[in-house]
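Student: Data: target23.cif, mmCIF, C-alpha atoms.
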```cif
data_start
#
loop_
_atom_site.label_atom_id
_atom_site.label_comp_id
_atom_site.auth_asym_id
_atom_site.auth_seq_id
_atom_site.Cartn_x
_atom_site.Cartn_y
_atom_site.Cartn_z
CA MET H 1 23.38 16.22 22.82
CA ALA H 2 24.51 12.72 21.82
CA PHE H 3 24.60 11.80 18.15
CA ARG H 4 24.73 8.49 16.31
CA LYS H 5 26.70 8.27 13.06
CA PHE H 6 26.20 5.59 10.40
CA GLN H 7 28.45 4.66 7.49
CA ALA H 8 27.58 1.96 4.97
CA ASP H 9 28.62 0.77 1.52
CA GLN H 10 25.84 2.91 0.07
CA LEU H 11 23.48 5.46 1.63
CA PHE H 12 20.10 5.80 -0.04
CA THR H 13 18.56 9.13 0.99
CA GLY H 14 15.04 8.55 -0.29
CA THR H 15 15.90 9.90 -3.74
CA THR H 16 19.67 9.62 -4.21
CA LEU H 17 22.32 6.94 -3.76
CA LEU H 18 25.47 8.17 -1.97
CA ASP H 19 28.74 6.31 -1.52
CA SER H 20 30.55 5.34 1.68
CA SER H 21 32.19 8.75 2.05
CA ASN H 22 28.85 10.08 3.32
CA ILE H 23 27.84 9.72 6.98
CA LEU H 24 24.28 9.83 8.30
CA VAL H 25 24.03 11.73 11.58
CA ILE H 26 20.96 11.39 13.82
CA ASP H 27 20.13 12.23 17.42
CA GLU H 28 19.07 9.78 20.11
CA ALA H 29 15.41 10.11 19.10
CA GLY H 30 16.15 9.23 15.46
CA LEU H 31 15.85 12.80 14.17
CA VAL H 32 18.00 13.37 11.09
CA ILE H 33 20.62 16.01 11.88
CA ASP H 34 22.59 15.92 8.64
CA ILE H 35 24.49 13.91 6.05
CA VAL H 36 28.17 14.89 6.19
CA THR H 37 31.51 13.76 4.78
CA ILE H 38 33.84 11.51 6.74
CA ALA H 39 36.15 14.49 7.27
CA ASP H 40 33.37 16.40 9.03
CA ALA H 41 31.86 13.47 10.93
CA GLY H 42 34.36 13.16 13.74
CA GLU H 43 34.73 9.99 15.77
CA GLU H 44 32.51 7.09 16.86
CA ILE H 45 31.16 6.25 13.39
CA GLN H 46 29.24 2.99 13.23
CA LYS H 47 30.42 1.15 10.10
CA LEU H 48 27.96 -1.25 8.44
CA ASN H 49 28.08 -3.67 5.53
CA GLY H 50 25.27 -3.09 3.08
CA TRP H 51 22.96 -0.23 2.10
CA ILE H 52 21.27 2.13 4.53
CA SER H 53 17.76 3.25 3.63
CA PRO H 54 14.92 5.15 5.28
CA GLY H 55 12.27 2.88 6.78
CA PHE H 56 9.88 1.20 4.36
CA VAL H 57 6.27 2.24 3.77
CA ASN H 58 3.79 -0.58 3.15
CA SER H 59 1.26 1.39 1.13
CA HIS H 60 -1.37 -1.35 0.98
CA CYS H 61 -2.15 -3.94 3.62
CA HIS H 62 -5.12 -5.66 5.28
CA LEU H 63 -3.97 -6.12 8.87
CA GLU H 64 -7.37 -7.50 9.93
CA LEU H 65 -6.94 -10.51 7.60
CA SER H 66 -3.68 -11.63 9.23
CA HIS H 67 -5.38 -14.67 10.78
CA MET H 68 -5.98 -16.05 7.28
CA LYS H 69 -2.34 -16.82 6.53
CA GLY H 70 -2.13 -20.04 4.52
CA LEU H 71 -5.89 -20.65 4.50
CA ILE H 72 -6.48 -19.84 0.83
CA PRO H 73 -4.70 -21.91 -1.85
CA GLU H 74 -2.54 -20.12 -4.37
CA HIS H 75 -3.56 -19.44 -7.98
CA THR H 76 -7.34 -19.72 -7.51
CA GLY H 77 -8.07 -16.59 -9.52
CA LEU H 78 -9.75 -13.51 -8.07
CA VAL H 79 -13.37 -14.64 -7.90
CA ASP H 80 -12.62 -17.79 -5.94
CA PHE H 81 -10.18 -15.84 -3.79
CA VAL H 82 -12.92 -13.30 -2.93
CA ILE H 83 -15.35 -16.11 -2.14
CA SER H 84 -12.76 -17.65 0.17
CA ILE H 85 -12.26 -14.32 1.95
CA ILE H 86 -15.99 -14.05 2.53
CA THR H 87 -16.25 -17.56 3.93
CA HIS H 88 -13.06 -17.57 6.05
CA ARG H 89 -12.78 -14.11 7.59
CA TYR H 90 -14.93 -14.83 10.68
CA PHE H 91 -12.70 -16.32 13.38
CA PRO H 92 -12.73 -16.00 17.19
CA GLU H 93 -11.82 -12.42 18.05
CA GLU H 94 -8.86 -13.39 20.25
CA GLU H 95 -7.28 -15.26 17.32
CA ILE H 96 -7.71 -12.27 15.02
CA LEU H 97 -6.25 -9.88 17.60
CA GLN H 98 -3.21 -12.08 18.19
CA ALA H 99 -2.62 -12.55 14.47
CA MET H 100 -2.67 -8.77 13.96
CA ALA H 101 -0.21 -8.21 16.79
CA ASP H 102 2.11 -10.86 15.36
CA ALA H 103 1.84 -9.40 11.86
CA GLU H 104 2.63 -5.91 13.11
CA GLU H 105 5.68 -7.18 14.98
CA THR H 106 6.89 -8.87 11.80
CA MET H 107 6.47 -5.65 9.84
CA LEU H 108 8.51 -3.79 12.45
CA GLN H 109 11.30 -6.34 12.23
CA ASN H 110 11.22 -6.16 8.42
CA GLY H 111 11.94 -2.43 8.45
CA ILE H 112 8.42 -1.13 7.84
CA VAL H 113 7.62 2.17 9.59
CA ALA H 114 4.23 3.05 8.08
CA VAL H 115 1.25 1.21 6.65
CA GLY H 116 -1.68 2.14 4.44
CA ASP H 117 -4.19 -0.26 5.97
CA ILE H 118 -7.59 -1.35 4.71
CA SER H 119 -10.15 -1.79 7.49
CA ASN H 120 -13.65 -3.16 6.94
CA ASN H 121 -14.46 -2.93 10.64
CA ALA H 122 -12.89 -1.56 13.83
CA ILE H 123 -11.15 -4.70 15.09
CA SER H 124 -7.68 -3.28 14.33
CA PHE H 125 -8.38 -0.13 16.36
CA ALA H 126 -6.73 -1.33 19.58
CA GLN H 127 -3.55 -2.46 17.82
CA LYS H 128 -3.21 0.79 15.88
CA ALA H 129 -3.84 2.85 19.03
CA LYS H 130 -0.54 1.48 20.43
CA GLN H 131 1.17 3.60 17.75
CA ARG H 132 4.06 1.25 17.18
CA LEU H 133 3.78 2.00 13.45
CA SER H 134 2.32 4.95 11.58
CA TYR H 135 -1.00 3.94 10.03
CA TYR H 136 -3.21 5.50 7.41
CA THR H 137 -6.51 3.67 7.94
CA PHE H 138 -8.75 3.42 4.91
CA LEU H 139 -12.21 2.58 6.23
CA GLU H 140 -13.34 0.53 3.27
CA LEU H 141 -16.98 0.26 2.26
CA SER H 142 -18.69 -1.99 -0.25
CA GLY H 143 -22.24 -2.55 -1.41
CA PHE H 144 -23.05 -2.83 -5.08
CA THR H 145 -26.84 -2.71 -5.03
CA PRO H 146 -28.64 0.54 -4.20
CA GLN H 147 -30.82 -1.29 -1.67
CA VAL H 148 -27.93 -2.09 0.71
CA THR H 149 -26.33 1.36 0.52
CA PRO H 150 -27.95 3.05 3.56
CA LEU H 151 -27.18 0.18 5.95
CA ARG H 152 -23.60 -0.29 4.68
CA PHE H 153 -22.85 3.42 5.01
CA GLU H 154 -24.39 3.67 8.47
CA LYS H 155 -22.28 0.78 9.73
CA GLY H 156 -19.16 2.14 8.04
CA LEU H 157 -19.68 5.55 9.63
CA GLU H 158 -19.91 3.88 13.04
CA TYR H 159 -16.50 2.26 12.51
CA TYR H 160 -15.06 5.48 11.10
CA GLN H 161 -16.00 7.39 14.24
CA GLN H 162 -14.20 4.82 16.40
CA PHE H 163 -10.96 5.28 14.47
CA GLN H 164 -11.24 9.07 14.81
CA HIS H 165 -10.27 8.69 18.47
CA ILE H 166 -6.69 7.82 17.44
CA ASN H 167 -5.49 11.42 17.45
CA SER H 168 -1.83 11.47 16.48
CA LYS H 169 0.56 12.51 13.72
CA ASN H 170 1.14 8.76 13.38
CA HIS H 171 -2.43 8.00 12.35
CA SER H 172 -4.61 9.31 9.54
CA LEU H 173 -8.07 8.27 8.43
CA SER H 174 -10.32 8.43 5.41
CA MET H 175 -13.02 6.37 3.73
CA ALA H 176 -12.38 4.28 0.65
CA ALA H 177 -14.36 2.32 -1.91
CA HIS H 178 -13.43 -1.35 -2.16
CA ALA H 179 -13.47 -1.75 -5.95
CA PRO H 180 -15.38 -0.53 -9.02
CA TYR H 181 -17.43 -3.74 -9.13
CA SER H 182 -18.51 -3.59 -5.47
CA VAL H 183 -19.66 -0.02 -4.79
CA SER H 184 -22.93 1.56 -5.92
CA ASN H 185 -23.17 5.09 -7.28
CA GLU H 186 -25.20 6.01 -4.21
CA LEU H 187 -22.52 4.71 -1.85
CA TRP H 188 -19.80 6.61 -3.71
CA LYS H 189 -21.73 9.86 -3.14
CA LEU H 190 -22.12 9.22 0.59
CA MET H 191 -18.41 8.48 1.01
CA GLN H 192 -17.02 11.44 -0.90
CA PRO H 193 -17.08 13.99 1.98
CA TYR H 194 -14.94 11.59 4.03
CA PHE H 195 -11.99 11.66 1.67
CA GLU H 196 -12.22 15.38 0.94
CA ASN H 197 -8.66 16.80 0.94
CA LYS H 198 -7.33 13.40 2.06
CA THR H 199 -5.86 10.27 0.53
CA THR H 200 -8.25 7.53 -0.56
CA THR H 201 -7.70 4.23 -2.33
CA LEU H 202 -9.28 1.63 -4.64
CA HIS H 203 -8.56 -1.96 -5.64
CA ASN H 204 -8.18 -1.49 -9.38
CA GLN H 205 -8.11 -3.79 -12.44
CA GLU H 206 -6.72 -6.75 -10.53
CA THR H 207 -8.13 -9.11 -13.13
CA ALA H 208 -8.93 -8.91 -16.85
CA PHE H 209 -12.61 -9.62 -16.45
CA GLU H 210 -13.10 -6.52 -14.27
CA ASP H 211 -13.05 -4.52 -17.48
CA ASP H 212 -15.24 -7.13 -19.20
CA PHE H 213 -17.95 -6.50 -16.63
CA PHE H 214 -18.03 -2.75 -17.24
CA LEU H 215 -17.51 -2.94 -20.99
CA ASN H 216 -20.06 -5.64 -21.78
CA LYS H 217 -21.61 -6.95 -18.53
CA THR H 218 -19.82 -10.25 -19.09
CA GLY H 219 -16.96 -12.21 -17.52
CA ASP H 220 -16.29 -14.17 -14.36
CA PHE H 221 -17.71 -11.51 -12.04
CA MET H 222 -21.12 -12.68 -13.21
CA ARG H 223 -20.37 -15.91 -11.33
CA LEU H 224 -19.47 -13.95 -8.19
CA TYR H 225 -22.75 -12.04 -8.22
CA GLU H 226 -24.63 -15.27 -8.77
CA TYR H 227 -22.88 -16.77 -5.74
CA LEU H 228 -23.82 -13.69 -3.69
CA HIS H 229 -27.42 -13.76 -4.99
CA VAL H 230 -27.08 -10.23 -6.36
CA ASN H 231 -29.72 -9.24 -8.92
CA LEU H 232 -27.92 -7.20 -11.60
CA ASP H 233 -31.01 -5.84 -13.37
CA PHE H 234 -30.14 -2.36 -12.10
CA PHE H 235 -26.67 -2.38 -13.72
CA SER H 236 -25.94 -1.42 -17.32
CA ALA H 237 -22.53 -1.78 -18.95
CA THR H 238 -20.77 1.57 -19.29
CA GLY H 239 -18.80 0.64 -22.40
CA LYS H 240 -15.65 1.89 -20.64
CA SER H 241 -12.96 0.26 -18.52
CA SER H 242 -13.75 -0.21 -14.85
CA LEU H 243 -11.32 2.53 -13.85
CA GLN H 244 -12.66 5.04 -16.34
CA SER H 245 -16.20 4.19 -15.24
CA VAL H 246 -15.68 5.24 -11.61
CA ALA H 247 -12.64 7.55 -11.43
CA SER H 248 -14.68 10.76 -11.45
CA ASN H 249 -15.89 9.78 -7.96
CA PHE H 250 -12.47 10.66 -6.54
CA ALA H 251 -13.25 14.38 -6.92
CA GLY H 252 -12.32 16.13 -3.69
CA ALA H 253 -9.54 13.75 -2.67
CA SER H 254 -6.05 15.19 -2.68
CA LYS H 255 -4.39 11.84 -3.43
CA THR H 256 -5.62 8.47 -4.64
CA LEU H 257 -3.86 5.10 -4.44
CA LEU H 258 -4.86 2.73 -7.22
CA VAL H 259 -3.91 -0.73 -5.99
CA HIS H 260 -2.83 -3.77 -8.06
CA ASP H 261 -3.40 -2.24 -11.54
CA VAL H 262 -2.44 -5.54 -13.17
CA PHE H 263 -4.57 -4.93 -16.26
CA THR H 264 -4.35 -1.14 -16.44
CA LYS H 265 -3.70 0.01 -20.01
CA GLN H 266 -2.24 3.02 -21.77
CA ASP H 267 -5.63 4.67 -22.35
CA ASP H 268 -6.42 4.29 -18.64
CA LEU H 269 -3.17 6.03 -17.72
CA GLN H 270 -3.91 8.88 -20.11
CA PHE H 271 -7.44 9.17 -18.72
CA ILE H 272 -6.10 9.35 -15.15
CA ASN H 273 -3.42 11.86 -16.14
CA ASP H 274 -6.08 14.18 -17.57
CA LEU H 275 -8.39 13.61 -14.61
CA SER H 276 -5.59 14.33 -12.16
CA ALA H 277 -5.10 17.76 -13.66
CA ASP H 278 -8.85 18.48 -13.63
CA GLN H 279 -9.40 17.30 -10.06
CA HIS H 280 -6.07 18.51 -8.59
CA ASN H 281 -5.71 14.95 -7.35
CA GLN H 282 -2.38 13.11 -7.31
CA PHE H 283 -2.74 9.47 -8.36
CA TYR H 284 -0.36 6.75 -7.21
CA TYR H 285 -0.07 3.22 -8.56
CA CYS H 286 0.51 0.66 -5.82
CA LEU H 287 2.33 -2.56 -6.70
CA CYS H 288 1.49 -5.71 -4.71
CA ILE H 289 3.35 -8.09 -6.96
CA ASN H 290 3.58 -11.06 -4.59
CA ALA H 291 -0.19 -10.99 -4.07
CA ASN H 292 -0.70 -10.87 -7.84
CA GLN H 293 1.50 -13.94 -8.15
CA TYR H 294 -0.28 -15.66 -5.25
CA ILE H 295 -3.80 -15.15 -6.58
CA SER H 296 -3.44 -15.38 -10.34
CA LYS H 297 0.26 -15.64 -11.32
CA ALA H 298 -0.05 -12.20 -12.91
CA LEU H 299 2.38 -9.29 -13.20
CA PRO H 300 1.56 -5.57 -13.23
CA PRO H 301 2.75 -3.56 -16.26
CA ILE H 302 5.52 -1.76 -14.40
CA ASP H 303 7.42 -0.77 -17.54
CA LEU H 304 4.26 0.94 -18.81
CA PHE H 305 3.93 2.88 -15.55
CA ARG H 306 7.55 3.99 -15.73
CA LYS H 307 7.21 4.99 -19.37
CA ASN H 308 4.31 7.24 -18.40
CA GLY H 309 6.07 8.79 -15.41
CA CYS H 310 3.56 7.36 -12.94
CA ARG H 311 4.01 7.76 -9.20
CA ILE H 312 4.66 4.22 -7.96
CA VAL H 313 4.42 2.87 -4.41
CA VAL H 314 4.70 -0.64 -2.96
CA GLY H 315 2.43 -2.75 -0.74
CA THR H 316 2.16 -6.29 0.51
CA ASP H 317 -1.61 -6.85 0.46
CA SER H 318 -2.67 -9.27 3.22
CA LEU H 319 -1.45 -12.54 4.67
CA ALA H 320 -4.48 -14.10 2.98
CA SER H 321 -2.74 -13.41 -0.36
CA ASN H 322 0.93 -13.30 0.61
CA HIS H 323 3.35 -15.49 2.53
CA GLN H 324 4.77 -12.53 4.47
CA LEU H 325 4.43 -8.79 5.02
CA ASN H 326 7.87 -7.83 3.80
CA ILE H 327 8.53 -4.89 1.48
CA LEU H 328 12.03 -6.07 0.64
CA ASP H 329 10.56 -9.36 -0.56
CA GLU H 330 8.24 -7.37 -2.86
CA LEU H 331 11.28 -5.58 -4.29
CA LYS H 332 13.06 -8.90 -4.81
CA THR H 333 10.14 -10.16 -6.90
CA ILE H 334 10.07 -6.92 -8.90
CA SER H 335 13.81 -7.19 -9.50
CA ARG H 336 13.50 -10.80 -10.62
CA HIS H 337 10.83 -10.08 -13.23
CA PHE H 338 11.93 -6.55 -14.23
CA THR H 339 15.71 -6.64 -14.37
CA ASN H 340 15.97 -3.22 -16.01
CA ILE H 341 14.68 -1.23 -13.00
CA PRO H 342 17.45 0.27 -10.84
CA LEU H 343 17.30 -0.66 -7.18
CA GLN H 344 17.40 2.96 -6.09
CA ASP H 345 14.20 3.62 -8.08
CA GLN H 346 12.49 0.71 -6.33
CA LEU H 347 13.68 1.95 -2.95
CA GLN H 348 12.19 5.37 -3.64
CA TRP H 349 8.84 3.70 -4.38
CA ALA H 350 9.10 1.85 -1.06
CA THR H 351 10.14 4.87 1.03
CA LEU H 352 9.63 8.48 -0.04
CA ASN H 353 6.84 7.86 -2.55
CA GLY H 354 4.86 5.83 -0.03
CA ALA H 355 5.33 8.43 2.70
CA GLN H 356 4.17 11.18 0.35
CA ALA H 357 1.16 9.18 -0.81
CA LEU H 358 0.02 8.66 2.78
CA GLY H 359 0.88 12.18 3.88
CA PHE H 360 3.49 11.14 6.46
CA GLU H 361 5.86 14.01 5.81
CA HIS H 362 8.16 13.07 8.73
CA LEU H 363 8.99 9.75 7.03
CA GLY H 364 10.44 8.51 3.75
CA SER H 365 13.79 10.28 3.42
CA PHE H 366 16.89 11.41 5.31
CA ASP H 367 16.07 15.10 4.98
CA LYS H 368 17.01 17.18 8.01
CA GLY H 369 14.35 17.20 10.70
CA LYS H 370 12.65 13.94 9.69
CA THR H 371 12.41 10.75 11.76
CA PRO H 372 12.15 8.15 8.98
CA GLY H 373 13.63 5.14 10.73
CA ILE H 374 16.75 3.42 9.44
CA VAL H 375 16.99 0.10 7.60
CA LEU H 376 20.13 -1.83 6.68
CA ILE H 377 19.89 -4.01 3.56
CA ASP H 378 22.66 -6.58 3.18
CA GLN H 379 23.97 -8.96 0.52
CA ILE H 380 23.38 -6.65 -2.43
CA GLU H 381 25.58 -7.56 -5.39
CA ASN H 382 26.33 -5.16 -8.26
CA ASN H 383 23.52 -2.88 -7.03
CA ILE H 384 21.02 -5.75 -7.36
CA LEU H 385 19.07 -7.54 -4.64
CA THR H 386 19.94 -11.21 -4.26
CA PRO H 387 17.78 -14.04 -2.89
CA ASN H 388 19.81 -13.75 0.34
CA SER H 389 19.32 -10.01 0.79
CA LYS H 390 17.68 -9.12 4.09
CA ALA H 391 16.46 -5.91 5.69
CA LYS H 392 17.21 -5.18 9.33
CA ARG H 393 15.62 -2.31 11.17
CA LEU H 394 18.29 -0.28 12.99
CA LEU H 395 15.93 2.37 14.35
#
```
Would you mind writing the structure in this file as structure tokens?

Tutor:
Amino acid sequence: MAFRKFQADQLFTGTTLLDSSNILVIDEAGLVIDIVTIADAGEEIQKLNGWISPGFVNSHCHLELSHMKGLIPEHTGLVDFVISIITHRYFPEEEILQAMADAEETMLQNGIVAVGDISNNAISFAQKAKQRLSYYTFLELSGFTPQVTPLRFEKGLEYYQQFQHINSKNHSLSMAAHAPYSVSNELWKLMQPYFENKTTTLHNQETAFEDDFFLNKTGDFMRLYEYLHVNLDFFSATGKSSLQSVASNFAGASKTLLVHDVFTKQDDLQFINDLSADQHNQFYYCLCINANQYISKALPPIDLFRKNGCRIVVGTDSLASNHQLNILDELKTISRHFTNIPLQDQLQWATLNGAQALGFEHLGSFDKGKTPGIVLIDQIENNILTPNSKAKRLL
């Protein structure tokens, strides 16, 4: 059997940073055989400048919105961004399909091996069925008024059944609620069996007035409902944050990705920590920092998450809210705004943590028997990413 051997300035295993005396050994199919010392590695070692890492996991993406790149201006705020999504998402199908194919190719080149992808319909089915990347498809449903619930669920179930035909270790599927402010109690109940013992996800506290709506039935979401002609007579403020108002609906899921979390507070983290123990549900906090900057120039409270020992993962969001689907670029932005966070911690968020959150146990680290892909990151100075750092997929 032929082996390939890689040596770099640093070898990040998924959890640990090893120096250049350690050699990664894989077979021709990319299966990790071992990490050995130079003395035990033998000949034909491929020497590389930079850091070697397992392939990246993009834990939150909207592949089906790839055709919207550059259509929505930056810094509009969330409500106007959502309105723009509603008014711009309907394009000729061939344009959407081509944009998704191009976006997937870019993710491959950028070292991404797996994606947690939000789907509101089945248009991404054909691209995912090619199995060029591992995908966890979250069939996302929304419908805030009780009246629309039956129709929205029926249509969502139709899409869900189409995705079920992708039968592979490289594809997983569950249902997901869009956001606290867009899903009725009735719709939550109908969805719950479809994320039983699976991973599900939720757009969470992306803006300050999300909590205002649940606490007091005030804030800018009132303008969104007015635009959508939604009668809110049925809704009463809960007096709690948006997250605390809906989190009990995750009962049954084994893992939950809370995405954005820009305005998540200490009492929310404590609430989720207690709920996690009660529900036997692992919660992950997904950072999409470039999208937060794009939409509202906001930053998630990463230091607070680290202080509380939260499980952190990294996503790109969509090309409607980001200039590129590039995990390394997300880490650059994190490093620029949070200079105290070691790069190896960030790389674990972007590799092993993401793979664990999505249940792709064959990815995320250089443990023996895994096929995680290999990424080379160059132009790292003093263990810090620079503006010129790039990620190249080796395998």

Student: At what distance in Å, to one decimal, does CA of Glu104 in chain H lie from CA of Gln127 in chain H?

Tutor: 8.5 Å

Student: Pull out every residue that the PyMOL selection byres ((chain H and resi 259) around 10) matches in the shown coordinates and put them as a list of chain:residue names.

Tutor: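 When the PyMOL selection byres ((chain H and resi 259) around 10) is applied, the selected residues are H:Ser59, H:His60, H:Ala179, H:Thr201, H:Leu202, H:His203, H:Asn204, H:Gln205, H:Glu206, H:Thr256, H:Leu257, H:Leu258, H:His260, H:Asp261, H:Val262, H:Tyr284, H:Tyr285, H:Cys286, H:Leu287, H:Cys288, H:Val313, H:Val314, H:Gly315, H:Asp317.
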
Student: Exactly which residues make up the result of the PyMOL selection byres ((chain H and resi 132) around 9) on this file, given as a list of chain:residue names?

Tutor: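 On this input, the PyMOL selection byres ((chain H and resi 132) around 9) captures H:Glu104, H:Glu105, H:Leu108, H:Val113, H:Gln127, H:Lys128, H:Ala129, H:Lys130, H:Gln131, H:Leu133, H:Ser134, H:Asn170.
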
Student: Write the residues of the selection above to a file with C-alpha atoms, as a compact mmCIF listing (two decimals), in the frame of the given file.

Tutor:
```txt
# COMPACT_ATOMS: atom_id res chain seq x y z
CA GLU H 104 2.63 -5.91 13.11
CA GLU H 105 5.68 -7.18 14.98
CA LEU H 108 8.51 -3.79 12.45
CA VAL H 113 7.62 2.17 9.59
CA GLN H 127 -3.55 -2.46 17.82
CA LYS H 128 -3.21 0.79 15.88
CA ALA H 129 -3.84 2.85 19.03
CA LYS H 130 -0.54 1.48 20.43
CA GLN H 131 1.17 3.60 17.75
CA LEU H 133 3.78 2.00 13.45
CA SER H 134 2.32 4.95 11.58
CA ASN H 170 1.14 8.76 13.38
```

Student: Just the number, please: distance in Å from CA of Leu78 in chain H to CA of Thr149 in chain H, one decimal.

Tutor: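 According to the coordinates, CA of Leu78 in chain H and CA of Thr149 in chain H are separated by 23.9 Å.
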
Student: Once the PyMOL selection byres ((chain H and resi 19) around 12) has been evaluated on this model, what residues remain selected, and can you format them as a list in words?

Tutor: Gln7, Ala8, Asp9, Gln10, Leu11, Phe12, Thr13, Thr16, Leu17, Leu18, Ser20, Ser21, Asn22, Ile23, Leu24, Ile35, Val36, Thr37, Ile38, Gly50, Trp51, Ile52 and Asn383 of chain H

Student: Between CA of Asn340 in chain H and CA of Pro301 in chain H, what distance in Å does the model show, to one decimal?

Tutor: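 Result for CA of Asn340 in chain H versus CA of Pro301 in chain H: 13.2 Å, one decimal.
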